[in-house]
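Pasting structure-v5.cif here (mmCIF, C-alpha atoms and all ligand atoms):
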data_protein
#
loop_
_atom_site.group_PDB
_atom_site.id
_atom_site.type_symbol
_atom_site.label_atom_id
_atom_site.label_comp_id
_atom_site.auth_asym_id
_atom_site.auth_seq_id
_atom_site.Cartn_x
_atom_site.Cartn_y
_atom_site.Cartn_z
ATOM 1 C CA MET A 282 1.583 -34.601 -9.985
ATOM 2 C CA ALA A 283 1.756 -30.836 -9.906
ATOM 3 C CA ILE A 284 -1.079 -28.931 -11.536
ATOM 4 C CA ASN A 285 0.038 -26.416 -14.128
ATOM 5 C CA LEU A 286 -2.143 -23.351 -13.588
ATOM 6 C CA THR A 287 -0.702 -21.650 -16.651
ATOM 7 C CA GLU A 288 -2.070 -24.502 -18.744
ATOM 8 C CA LEU A 289 -5.454 -23.913 -17.124
ATOM 9 C CA THR A 290 -5.562 -20.175 -17.759
ATOM 10 C CA GLU A 291 -3.762 -19.403 -21.019
ATOM 11 C CA HIS A 292 -5.516 -19.943 -24.329
ATOM 12 C CA ASP A 293 -3.601 -21.922 -26.912
ATOM 13 C CA PHE A 294 -5.180 -19.972 -29.819
ATOM 14 C CA GLY A 295 -6.033 -23.245 -31.564
ATOM 15 C CA ASP A 296 -9.400 -24.186 -33.022
ATOM 16 C CA ASP A 297 -9.884 -26.653 -30.197
ATOM 17 C CA CYS A 298 -8.562 -24.526 -27.311
ATOM 18 C CA PRO A 299 -9.267 -26.397 -24.037
ATOM 19 C CA ILE A 300 -9.722 -23.111 -22.155
ATOM 20 C CA CYS A 301 -12.422 -21.955 -24.582
ATOM 21 C CA ARG A 302 -14.103 -25.360 -24.317
ATOM 22 C CA ALA A 303 -14.042 -25.188 -20.516
ATOM 23 C CA GLN A 304 -15.564 -21.698 -20.628
ATOM 24 C CA ASP A 305 -18.277 -22.961 -22.994
ATOM 25 C CA VAL A 306 -19.185 -25.789 -20.612
ATOM 26 C CA VAL A 307 -19.406 -23.410 -17.673
ATOM 27 C CA GLN A 308 -21.464 -20.848 -19.587
ATOM 28 C CA SER A 309 -23.865 -23.363 -21.096
ATOM 29 C CA ALA A 310 -24.263 -25.751 -18.142
ATOM 30 C CA LEU A 311 -22.893 -24.459 -14.845
ATOM 31 C CA LEU A 312 -24.138 -20.846 -14.921
ATOM 32 C CA PRO A 313 -27.781 -21.724 -15.710
ATOM 33 C CA ALA A 314 -27.692 -24.544 -13.121
ATOM 34 C CA ALA A 315 -26.371 -22.237 -10.386
ATOM 35 C CA SER A 316 -29.018 -19.680 -11.226
ATOM 36 C CA ALA A 317 -31.764 -22.329 -11.166
ATOM 37 C CA TRP A 318 -30.582 -23.668 -7.789
ATOM 38 C CA GLU A 319 -30.737 -20.162 -6.373
ATOM 39 C CA SER A 320 -34.329 -19.570 -7.542
ATOM 40 C CA ASN A 321 -35.588 -23.065 -6.760
ATOM 41 C CA SER A 322 -34.151 -22.959 -3.236
ATOM 42 C CA ALA A 323 -35.173 -19.346 -2.545
ATOM 43 C CA LEU A 324 -31.536 -18.411 -2.056
ATOM 44 C CA PRO A 325 -30.140 -14.924 -2.674
ATOM 45 C CA ARG A 326 -28.983 -14.241 -6.224
ATOM 46 C CA PHE A 327 -25.328 -15.248 -6.718
ATOM 47 C CA SER A 328 -25.186 -17.171 -3.424
ATOM 48 C CA VAL A 329 -24.722 -20.538 -5.150
ATOM 49 C CA ALA A 330 -22.488 -18.919 -7.782
ATOM 50 C CA LEU A 331 -20.143 -17.381 -5.209
ATOM 51 C CA HIS A 332 -20.017 -20.333 -2.840
ATOM 52 C CA GLY A 333 -19.852 -22.750 -5.751
ATOM 53 C CA ALA A 334 -16.809 -20.959 -7.125
ATOM 54 C CA ALA A 335 -15.172 -20.779 -3.693
ATOM 55 C CA GLU A 336 -15.852 -24.433 -2.856
ATOM 56 C CA LEU A 337 -14.558 -25.577 -6.234
ATOM 57 C CA LEU A 338 -11.381 -23.571 -5.700
ATOM 58 C CA GLY A 339 -11.222 -24.949 -2.156
ATOM 59 C CA VAL A 340 -10.886 -28.428 -3.605
ATOM 60 C CA MET A 341 -7.745 -27.216 -5.361
ATOM 61 C CA LEU A 342 -6.370 -26.007 -2.013
ATOM 62 C CA GLN A 343 -7.301 -29.330 -0.447
ATOM 63 C CA ASP A 344 -5.393 -30.952 -3.274
ATOM 64 C CA GLY A 345 -2.264 -29.135 -2.141
ATOM 65 C CA MET A 346 -2.195 -26.072 -4.361
ATOM 66 C CA GLU A 347 -0.825 -22.849 -2.915
ATOM 67 C CA ARG A 348 -3.447 -20.265 -2.003
ATOM 68 C CA GLN A 349 -1.442 -17.493 -3.668
ATOM 69 C CA ASP A 350 -1.259 -19.437 -6.938
ATOM 70 C CA VAL A 351 -5.006 -20.014 -6.930
ATOM 71 C CA ASP A 352 -5.583 -16.327 -6.079
ATOM 72 C CA ALA A 353 -3.324 -15.249 -8.946
ATOM 73 C CA ALA A 354 -5.014 -17.569 -11.453
ATOM 74 C CA LEU A 355 -8.453 -16.377 -10.390
ATOM 75 C CA SER A 356 -7.372 -12.757 -10.657
ATOM 76 C CA ALA A 357 -6.039 -13.314 -14.178
ATOM 77 C CA LEU A 358 -9.319 -14.966 -15.224
ATOM 78 C CA LEU A 359 -11.382 -12.138 -13.739
ATOM 79 C CA ASP A 360 -9.195 -9.672 -15.682
ATOM 80 C CA GLU A 361 -10.030 -11.597 -18.856
ATOM 81 C CA ILE A 362 -13.741 -11.610 -18.037
ATOM 82 C CA GLU A 363 -13.733 -7.863 -17.315
ATOM 83 C CA GLN A 364 -12.018 -7.315 -20.621
ATOM 84 C CA ARG A 365 -14.676 -9.392 -22.379
ATOM 85 C CA ILE A 366 -17.476 -7.485 -20.640
ATOM 86 C CA SER A 367 -16.103 -4.125 -21.723
ATOM 87 C CA GLU A 368 -15.627 -5.395 -25.289
ATOM 88 C CA ASP A 369 -19.213 -6.677 -25.301
ATOM 89 C CA GLN A 370 -20.448 -3.282 -24.111
ATOM 90 C CA VAL A 371 -18.564 -1.529 -26.907
ATOM 91 C CA MET A 372 -20.219 -3.868 -29.393
ATOM 92 C CA GLY A 373 -23.649 -3.139 -27.928
ATOM 93 C CA GLY A 374 -24.315 -6.388 -26.104
ATOM 94 C CA PRO A 375 -22.985 -9.896 -25.619
ATOM 95 C CA PRO A 376 -22.464 -11.677 -28.942
ATOM 96 C CA LYS A 377 -24.305 -14.963 -29.435
ATOM 97 C CA GLY A 378 -22.332 -18.184 -29.546
ATOM 98 C CA ASN A 379 -19.003 -16.476 -28.947
ATOM 99 C CA ALA A 380 -16.214 -18.932 -28.155
HETATM 100 ZN ZN ZN B 1 -9.205 -20.347 -25.891
#
Rewrite the structure from the file as structure tokens, please.
Amino acid sequence: MAINLTELTEHDFGDDCPICRAQDVVQSALLPAASAWESNSALPRFSVALHGAAELLGVMLQDGMERQDVDAALSALLDEIEQRISEDQVMGGPPKGNA
């Protein structure tokens, strides 16, 4: 079955948006874990984060997705994150519990 990347990247603006929930899981569980693995294993900062992201995306390639589609989805998500960062800076820091 084909994976719909649009479904995985576009918010549905509902109260129970699956994209927002996925971002919450990553921010509350995956980011601290990656950071802890880096410190506990004396690895350079962001080494687990970067390779973790790449390896996870690699599984999608292994699953038959087109590299250009994965690149495009990643680029769109990074655009969204950059947008969020600049909004947070305007507001004077990252808001707590933002979803
Ligand atoms: Zn959402």
Exercise. Hey, which residues come within 7 Å of ligand ZN 1 (chain B) if we count all atoms listed in the file? Could you give them as a ChimeraX atom specification?
Worked result: /A:292-294,298-301
For this session: Take CA of Gln364 in chain A and CA of Gln308 in chain A and report the distance between them in Å, one decimal.
Result: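 Taking CA of Gln364 in chain A and CA of Gln308 in chain A, their separation equals 16.5 Å.
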Exercise. Smallest atom-to-atom distance to Leu331 in chain A: which of A:Ser356, A:Thr290, A:Ser316, A:Ser309, using only C-alpha atoms?
Worked result: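 Smallest separation from Leu331 in chain A among the options: A:Ser316.
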For this session: Would you mind listing what lies within 8 Å of Val351 in chain A as number ranges by chain, with all atoms listed in the file counted and same-chain residues fewer than 6 positions away left out?
Result: A: 286, 338, 341-342
Centre, edges in Å (one decimal): axis-aligned box, range 292-310 of chain A, 5 Å padding on all six sides, as lines of an AutoDock Vina configuration file:
center_x = -13.9
center_y = -23.3
center_z = -25.3
size_x = 30.7
size_y = 16.7
size_z = 25.3
File contents for range 323-359 of chain A with N, CA and C atoms as a short mmCIF file (atom, residue, chain, number, x, y, z; two decimals), in the first residue's frame:
data_model
loop_
_atom_site.label_atom_id
_atom_site.label_comp_id
_atom_site.auth_asym_id
_atom_site.auth_seq_id
_atom_site.Cartn_x
_atom_site.Cartn_y
_atom_site.Cartn_z
N ALA A 323 29.05 9.58 25.26
CA ALA A 323 30.13 10.51 24.91
C ALA A 323 30.20 10.74 23.41
N LEU A 324 29.05 10.91 22.81
CA LEU A 324 28.98 11.19 21.37
C LEU A 324 28.79 12.69 21.16
N PRO A 325 29.24 13.20 20.00
CA PRO A 325 29.05 14.62 19.73
C PRO A 325 27.57 15.01 19.77
N ARG A 326 27.31 16.23 20.22
CA ARG A 326 25.93 16.73 20.26
C ARG A 326 25.32 16.64 18.86
N PHE A 327 24.11 16.19 18.79
CA PHE A 327 23.31 16.05 17.56
C PHE A 327 23.70 14.85 16.71
N SER A 328 24.72 14.07 17.14
CA SER A 328 25.11 12.93 16.30
C SER A 328 24.00 11.88 16.24
N VAL A 329 23.42 11.56 17.40
CA VAL A 329 22.32 10.59 17.41
C VAL A 329 21.08 11.20 16.74
N ALA A 330 20.86 12.49 16.98
CA ALA A 330 19.70 13.17 16.38
C ALA A 330 19.78 13.10 14.85
N LEU A 331 20.94 13.46 14.31
CA LEU A 331 21.06 13.52 12.85
C LEU A 331 21.00 12.12 12.23
N HIS A 332 21.78 11.19 12.81
CA HIS A 332 21.78 9.85 12.24
C HIS A 332 20.47 9.12 12.52
N GLY A 333 19.86 9.44 13.67
CA GLY A 333 18.56 8.86 13.97
C GLY A 333 17.53 9.29 12.92
N ALA A 334 17.51 10.58 12.62
CA ALA A 334 16.57 11.08 11.62
C ALA A 334 16.85 10.44 10.26
N ALA A 335 18.12 10.38 9.89
CA ALA A 335 18.47 9.83 8.57
C ALA A 335 18.12 8.34 8.49
N GLU A 336 18.44 7.60 9.56
CA GLU A 336 18.16 6.15 9.52
C GLU A 336 16.65 5.89 9.50
N LEU A 337 15.90 6.70 10.23
CA LEU A 337 14.45 6.53 10.23
C LEU A 337 13.89 6.81 8.84
N LEU A 338 14.40 7.85 8.19
CA LEU A 338 13.96 8.15 6.84
C LEU A 338 14.44 7.07 5.87
N GLY A 339 15.62 6.50 6.16
CA GLY A 339 16.14 5.43 5.33
C GLY A 339 15.23 4.22 5.29
N VAL A 340 14.55 3.97 6.41
CA VAL A 340 13.59 2.87 6.44
C VAL A 340 12.46 3.12 5.44
N MET A 341 12.09 4.39 5.29
CA MET A 341 11.05 4.72 4.31
C MET A 341 11.54 4.44 2.90
N LEU A 342 12.82 4.74 2.63
CA LEU A 342 13.39 4.44 1.31
C LEU A 342 13.42 2.93 1.09
N GLN A 343 13.82 2.21 2.14
CA GLN A 343 13.89 0.76 2.07
C GLN A 343 12.51 0.18 1.79
N ASP A 344 11.50 0.90 2.26
CA ASP A 344 10.12 0.48 2.09
C ASP A 344 9.59 0.81 0.70
N GLY A 345 10.44 1.44 -0.12
CA GLY A 345 10.06 1.68 -1.50
C GLY A 345 9.64 3.10 -1.83
N MET A 346 9.77 4.01 -0.86
CA MET A 346 9.40 5.39 -1.16
C MET A 346 10.47 6.04 -2.02
N GLU A 347 10.04 7.01 -2.83
CA GLU A 347 10.98 7.73 -3.68
C GLU A 347 11.79 8.72 -2.84
N ARG A 348 13.10 8.75 -3.12
CA ARG A 348 13.97 9.68 -2.40
C ARG A 348 13.49 11.12 -2.52
N GLN A 349 13.05 11.50 -3.72
CA GLN A 349 12.65 12.90 -3.91
C GLN A 349 11.38 13.24 -3.11
N ASP A 350 10.51 12.26 -2.93
CA ASP A 350 9.30 12.50 -2.14
C ASP A 350 9.65 12.68 -0.66
N VAL A 351 10.59 11.83 -0.19
CA VAL A 351 11.02 11.94 1.20
C VAL A 351 11.74 13.27 1.42
N ASP A 352 12.62 13.65 0.47
CA ASP A 352 13.31 14.94 0.53
C ASP A 352 12.31 16.09 0.61
N ALA A 353 11.29 16.04 -0.23
CA ALA A 353 10.31 17.13 -0.29
C ALA A 353 9.51 17.22 1.01
N ALA A 354 9.14 16.05 1.56
CA ALA A 354 8.38 16.05 2.82
C ALA A 354 9.23 16.60 3.95
N LEU A 355 10.49 16.19 3.99
CA LEU A 355 11.40 16.67 5.02
C LEU A 355 11.59 18.18 4.91
N SER A 356 11.75 18.65 3.69
CA SER A 356 11.94 20.08 3.47
C SER A 356 10.72 20.87 3.94
N ALA A 357 9.54 20.37 3.66
CA ALA A 357 8.32 21.05 4.09
C ALA A 357 8.24 21.09 5.62
N LEU A 358 8.63 19.99 6.28
CA LEU A 358 8.58 19.96 7.74
C LEU A 358 9.61 20.90 8.34
N LEU A 359 10.80 20.97 7.72
CA LEU A 359 11.82 21.90 8.23
C LEU A 359 11.36 23.34 8.04
#
